[in-house]
Amino acid sequence: LLAMHVLAQVSKRFSVQVTIEDILSHSTPRELSEFIRSASFACVNMPQVAPRDRFPMSAGQRRIWFLQRLSGDSLAYQIPFAARLGIPVDKDALQKALFLLESRHDALRLRVFADEPEQALVAPGSLKLECVDRPWSAQTFTEAMDFGPEHPLARISLFPDATSGDVLLLRFHHIIFDGWSAEIFLRELNQAYAAVLNGSSPDWQPLDLDFASY
């Protein structure tokens with residue numbers, strides 16, 4: 001799994017195509033860097049797809065779509081994160097930060113159809129901060145994420161707790177999100193929130209590829 005992570009980062013950062021065998025046979029950073037510098041690689045260039053009403057899913061997405069449809073309201077394919085915040089939250093700033101993230105990462109704006117393994121993009125602005133009027137509890141995480149054009153696959157909720165600190169609950173469907181996505185999302189959410197509080201914009205590099213093309 002670590003080798004696959006390195007493989008993805010090398011391809012992304014250096015625009016080169018390496019194999020898992022290359023990673024495993026050059027097991028130190030020095031060996032791998034020398035291999036990348038000395039070898040000749042084909043650049044990884046994925047064409048941008050034209051806008052359309054519906055996009056086909058990847059093979060991995062189709063598997064998850066089928067299993068979710070088979071298991072009904074099962075929560076098995078949700079990825080939840082809950083964090084107790086030690087400082088007061090500026091709800092307006094957090095909502096603006098979510099809008100910046102949603103505008104940058106179109107996977108957060110995907111909708112998956114229930115009738116066919118296809119997906120569509122909606123305009124930015126649908127990733128809303130849900131401010132819940134009751135404290136967090138373990139029983140909160142019981143709601144399934146349905147497929148359909150009206151059902152978001154990313155949900156962000158804030159639960160009040162004046163004693164121990166508010167709880168921020170993040171939920172994503174695995175069809176649009178995975179463990180590597182979590183690292184990026186949490187890092188950029190912190191960057192966007194800090195930038196909004198400072199009245200500035202996050203110092204992000206433009207993305208080379210959109211989710212639908214990938």
# chains A, B, ... in the order shown; residues from 1 in each chain; ligands from 1
>>> residues_around(residues="stretch 62-73 of chain A", least_positions_apart="4", cutoff="7 Å", atoms="only C-alpha atoms", output="list in words")
Met57, Ser58, Pro117, Ala144 and Ile175 of chain A
>>> residues_around(residues="stretch 25-30 of chain A", least_positions_apart="3", cutoff="12 Å", atoms="only C-alpha atoms", output="list in words")
Leu2, Ala3, Val6, Leu7, Val10, Val18, Thr19, Ile20, Glu21, Asp22, Ser33, Glu34, Phe35, Ile36 and Arg37 of chain A
>>> residues_around(residues="stretch 187-191 of chain A", least_positions_apart="4", cutoff="12 Å", atoms="only C-alpha atoms", output="VMD selection string")
chain A and resid 93 to 102 104 to 105 156 170 180 to 183 195 to 198 200 to 205
>>> write_last_selection(atoms="C-alpha atoms", output="compact mmCIF listing (two decimals), in the first residue's frame")
# COMPACT_ATOMS: atom_id res chain seq x y z
CA ALA A 93 -15.72 31.16 7.49
CA LEU A 94 -15.99 27.37 7.55
CA GLN A 95 -18.81 27.49 4.99
CA LYS A 96 -16.71 29.70 2.71
CA ALA A 97 -13.79 27.28 3.10
CA LEU A 98 -16.03 24.39 2.08
CA PHE A 99 -17.13 26.34 -0.99
CA LEU A 100 -13.47 26.86 -1.98
CA LEU A 101 -12.80 23.14 -1.61
CA GLU A 102 -15.92 22.17 -3.53
CA ARG A 104 -11.49 23.09 -6.53
CA HIS A 105 -12.36 19.38 -6.26
CA ILE A 156 -20.31 18.11 6.80
CA LEU A 170 -17.29 14.62 7.96
CA TRP A 180 -5.65 9.36 0.16
CA SER A 181 -8.46 11.82 -0.49
CA ALA A 182 -8.85 12.30 3.27
CA GLU A 183 -5.28 13.55 3.66
CA ALA A 195 -7.11 31.92 4.49
CA VAL A 196 -10.75 32.97 4.86
CA LEU A 197 -10.15 34.11 8.44
CA ASN A 198 -7.19 36.18 7.21
CA SER A 200 -6.97 36.05 1.72
CA SER A 201 -7.05 33.14 -0.73
CA PRO A 202 -5.38 29.75 -0.25
CA ASP A 203 -1.98 29.42 -1.91
CA TRP A 204 -2.95 26.43 -4.03
CA GLN A 205 -1.42 25.32 -7.30
>>> select_by_dssp(residues="chain A", states="helix (DSSP H, G or I)", output="PyMOL selection string")
chain A and resi 2-14+20-25+29-38+59-71+91-104+106-109+138-140+179-197
>>> write_last_selection(atoms="C-alpha atoms", output="compact mmCIF listing (two decimals), in the first residue's frame")
# COMPACT_ATOMS: atom_id res chain seq x y z
CA LEU A 2 2.85 2.39 0.80
CA ALA A 3 4.48 1.57 -2.53
CA MET A 4 1.23 2.40 -4.33
CA HIS A 5 1.11 5.72 -2.50
CA VAL A 6 4.68 6.51 -3.58
CA LEU A 7 3.79 5.48 -7.14
CA ALA A 8 0.85 7.88 -7.23
CA GLN A 9 2.87 10.77 -5.79
CA VAL A 10 5.77 10.26 -8.24
CA SER A 11 3.40 10.22 -11.20
CA LYS A 12 1.58 13.32 -9.96
CA ARG A 13 4.56 15.45 -8.93
CA PHE A 14 7.00 14.59 -11.72
CA ILE A 20 5.23 -0.81 -8.95
CA GLU A 21 8.28 -2.92 -9.83
CA ASP A 22 10.32 0.28 -10.28
CA ILE A 23 9.30 1.44 -6.81
CA LEU A 24 10.08 -1.88 -5.13
CA SER A 25 13.43 -2.35 -6.88
CA PRO A 29 14.77 7.74 -1.71
CA ARG A 30 18.28 8.15 -3.18
CA GLU A 31 17.96 5.11 -5.45
CA LEU A 32 14.50 6.13 -6.61
CA SER A 33 15.48 9.75 -7.31
CA GLU A 34 18.54 8.63 -9.32
CA PHE A 35 16.38 6.18 -11.26
CA ILE A 36 13.86 8.89 -12.13
CA ARG A 37 16.57 11.34 -13.23
CA SER A 38 18.48 8.83 -15.35
CA ALA A 59 -14.38 0.15 -12.93
CA GLY A 60 -13.78 0.66 -9.21
CA GLN A 61 -16.76 2.99 -8.91
CA ARG A 62 -18.99 0.51 -10.72
CA ARG A 63 -18.05 -2.19 -8.20
CA ILE A 64 -18.92 0.07 -5.27
CA TRP A 65 -22.15 1.17 -6.98
CA PHE A 66 -23.24 -2.45 -7.43
CA LEU A 67 -22.34 -3.46 -3.87
CA GLN A 68 -24.12 -0.44 -2.39
CA ARG A 69 -27.23 -1.14 -4.42
CA LEU A 70 -27.04 -4.79 -3.34
CA SER A 71 -26.71 -3.92 0.36
CA LYS A 91 -19.35 29.00 10.93
CA ASP A 92 -19.46 31.53 8.08
CA ALA A 93 -15.72 31.16 7.49
CA LEU A 94 -15.99 27.37 7.55
CA GLN A 95 -18.81 27.49 4.99
CA LYS A 96 -16.71 29.70 2.71
CA ALA A 97 -13.79 27.28 3.10
CA LEU A 98 -16.03 24.39 2.08
CA PHE A 99 -17.13 26.34 -0.99
CA LEU A 100 -13.47 26.86 -1.98
CA LEU A 101 -12.80 23.14 -1.61
CA GLU A 102 -15.92 22.17 -3.53
CA SER A 103 -15.01 24.55 -6.36
CA ARG A 104 -11.49 23.09 -6.53
CA ASP A 106 -15.28 18.42 -8.47
CA ALA A 107 -15.47 14.96 -6.83
CA LEU A 108 -17.23 16.75 -3.96
CA ARG A 109 -19.92 17.85 -6.43
CA ALA A 138 -22.27 7.77 18.67
CA GLN A 139 -25.85 7.19 17.52
CA THR A 140 -25.63 10.19 15.17
CA GLY A 179 -7.95 7.32 2.40
CA TRP A 180 -5.65 9.36 0.16
CA SER A 181 -8.46 11.82 -0.49
CA ALA A 182 -8.85 12.30 3.27
CA GLU A 183 -5.28 13.55 3.66
CA ILE A 184 -5.78 16.12 0.89
CA PHE A 185 -9.22 17.21 2.09
CA LEU A 186 -8.20 17.78 5.70
CA ARG A 187 -5.02 19.63 4.76
CA GLU A 188 -6.75 21.92 2.27
CA LEU A 189 -9.74 22.50 4.56
CA ASN A 190 -7.35 23.85 7.21
CA GLN A 191 -5.59 25.99 4.59
CA ALA A 192 -8.87 27.36 3.20
CA TYR A 193 -10.30 28.09 6.67
CA ALA A 194 -7.13 29.94 7.74
CA ALA A 195 -7.11 31.92 4.49
CA VAL A 196 -10.75 32.97 4.86
CA LEU A 197 -10.15 34.11 8.44
>>> select_by_dssp(residues="stretch 69-177 of chain A", states="strand (DSSP E or B)", output="number ranges by chain")
A: 78-84, 110-112, 118-121, 129-131, 154-159, 167-173
>>> closest_residue(among="A:Gln17, A:Asp178, A:Lys128, A:Arg134", to="A:Tyr77", atoms="only C-alpha atoms")
A:Asp178
>>> decode(residues="stretch 151-180 of chain A", atoms="N, CA, C and O atoms", output="CSV table (one decimal), in the first residue's frame")
chain,number,residue,atom,x,y,z
A,151,HIS,N,-29.0,13.9,-4.1
A,151,HIS,CA,-28.3,13.4,-2.8
A,151,HIS,C,-26.8,13.6,-2.9
A,151,HIS,O,-26.1,13.0,-3.7
A,152,PRO,N,-26.3,14.5,-2.1
A,152,PRO,CA,-24.9,14.7,-2.0
A,152,PRO,C,-24.2,13.5,-1.4
A,152,PRO,O,-24.7,12.8,-0.5
A,153,LEU,N,-22.9,13.3,-1.8
A,153,LEU,CA,-22.1,12.2,-1.3
A,153,LEU,C,-21.0,12.6,-0.4
A,153,LEU,O,-20.1,11.9,0.0
A,154,ALA,N,-21.1,13.9,0.0
A,154,ALA,CA,-20.2,14.5,1.0
A,154,ALA,C,-21.1,15.3,2.0
A,154,ALA,O,-21.9,16.1,1.5
A,155,ARG,N,-21.0,15.0,3.3
A,155,ARG,CA,-21.8,15.7,4.2
A,155,ARG,C,-20.9,16.2,5.4
A,155,ARG,O,-20.1,15.5,5.9
A,156,ILE,N,-21.1,17.5,5.7
A,156,ILE,CA,-20.3,18.1,6.8
A,156,ILE,C,-21.3,18.6,7.9
A,156,ILE,O,-22.2,19.5,7.5
A,157,SER,N,-21.1,18.2,9.1
A,157,SER,CA,-22.0,18.6,10.2
A,157,SER,C,-21.2,19.1,11.4
A,157,SER,O,-20.2,18.6,11.7
A,158,LEU,N,-21.8,20.1,12.0
A,158,LEU,CA,-21.2,20.7,13.2
A,158,LEU,C,-22.1,20.5,14.4
A,158,LEU,O,-23.3,20.9,14.3
A,159,PHE,N,-21.7,19.8,15.5
A,159,PHE,CA,-22.5,19.6,16.7
A,159,PHE,C,-22.0,20.4,17.8
A,159,PHE,O,-20.8,20.5,18.1
A,160,PRO,N,-22.9,21.2,18.5
A,160,PRO,CA,-22.4,22.0,19.6
A,160,PRO,C,-22.1,21.3,20.9
A,160,PRO,O,-22.7,20.3,21.2
A,161,ASP,N,-21.1,21.7,21.6
A,161,ASP,CA,-20.7,21.2,22.9
A,161,ASP,C,-19.9,22.2,23.6
A,161,ASP,O,-18.7,22.3,23.4
A,162,ALA,N,-20.5,23.0,24.4
A,162,ALA,CA,-19.9,24.1,25.1
A,162,ALA,C,-18.9,23.6,26.1
A,162,ALA,O,-17.9,24.3,26.5
A,163,THR,N,-19.0,22.4,26.6
A,163,THR,CA,-18.2,21.9,27.7
A,163,THR,C,-16.8,21.4,27.1
A,163,THR,O,-15.8,21.7,27.5
A,164,SER,N,-17.0,20.4,26.2
A,164,SER,CA,-15.8,19.7,25.7
A,164,SER,C,-15.3,20.2,24.3
A,164,SER,O,-14.2,19.8,23.8
A,165,GLY,N,-16.0,21.1,23.7
A,165,GLY,CA,-15.7,21.6,22.3
A,165,GLY,C,-16.6,21.0,21.3
A,165,GLY,O,-17.0,19.8,21.3
A,166,ASP,N,-16.9,21.8,20.3
A,166,ASP,CA,-17.8,21.4,19.2
A,166,ASP,C,-17.2,20.2,18.5
A,166,ASP,O,-16.0,20.0,18.4
A,167,VAL,N,-18.1,19.4,17.8
A,167,VAL,CA,-17.6,18.2,17.1
A,167,VAL,C,-18.0,18.4,15.6
A,167,VAL,O,-19.1,18.8,15.3
A,168,LEU,N,-16.9,18.3,14.8
A,168,LEU,CA,-17.1,18.4,13.3
A,168,LEU,C,-17.2,17.0,12.8
A,168,LEU,O,-16.2,16.2,12.9
A,169,LEU,N,-18.3,16.6,12.1
A,169,LEU,CA,-18.4,15.3,11.5
A,169,LEU,C,-18.4,15.4,10.0
A,169,LEU,O,-19.1,16.2,9.4
A,170,LEU,N,-17.4,14.7,9.4
A,170,LEU,CA,-17.3,14.6,8.0
A,170,LEU,C,-17.7,13.2,7.5
A,170,LEU,O,-17.2,12.2,8.0
A,171,ARG,N,-18.5,13.2,6.5
A,171,ARG,CA,-18.9,11.9,5.9
A,171,ARG,C,-18.9,11.9,4.4
A,171,ARG,O,-19.3,12.9,3.8
A,172,PHE,N,-18.3,10.9,3.9
A,172,PHE,CA,-18.1,10.8,2.4
A,172,PHE,C,-18.5,9.4,2.0
A,172,PHE,O,-18.2,8.4,2.7
A,173,HIS,N,-19.0,9.3,0.8
A,173,HIS,CA,-19.3,7.9,0.2
A,173,HIS,C,-18.0,7.5,-0.5
A,173,HIS,O,-17.3,8.3,-1.1
A,174,HIS,N,-17.7,6.2,-0.3
A,174,HIS,CA,-16.4,5.7,-0.8
A,174,HIS,C,-16.4,5.7,-2.3
A,174,HIS,O,-15.3,5.6,-2.9
A,175,ILE,N,-17.5,5.9,-3.0
A,175,ILE,CA,-17.5,6.0,-4.5
A,175,ILE,C,-16.8,7.2,-5.0
A,175,ILE,O,-16.4,7.3,-6.1
A,176,ILE,N,-16.7,8.3,-4.1
A,176,ILE,CA,-16.0,9.5,-4.5
A,176,ILE,C,-14.8,9.8,-3.7
A,176,ILE,O,-14.1,10.8,-3.9
A,177,PHE,N,-14.5,9.0,-2.7
A,177,PHE,CA,-13.5,9.3,-1.7
A,177,PHE,C,-12.8,8.1,-1.2
A,177,PHE,O,-13.3,7.0,-1.1
A,178,ASP,N,-11.5,8.3,-0.8
A,178,ASP,CA,-10.7,7.2,-0.2
A,178,ASP,C,-9.8,7.7,0.8
A,178,ASP,O,-9.8,8.9,1.2
A,179,GLY,N,-8.9,6.9,1.4
A,179,GLY,CA,-8.0,7.3,2.4
A,179,GLY,C,-7.0,8.4,1.9
A,179,GLY,O,-6.7,9.3,2.7
A,180,TRP,N,-6.5,8.3,0.7
A,180,TRP,CA,-5.6,9.4,0.2
A,180,TRP,C,-6.4,10.7,0.0
A,180,TRP,O,-5.8,11.7,0.2
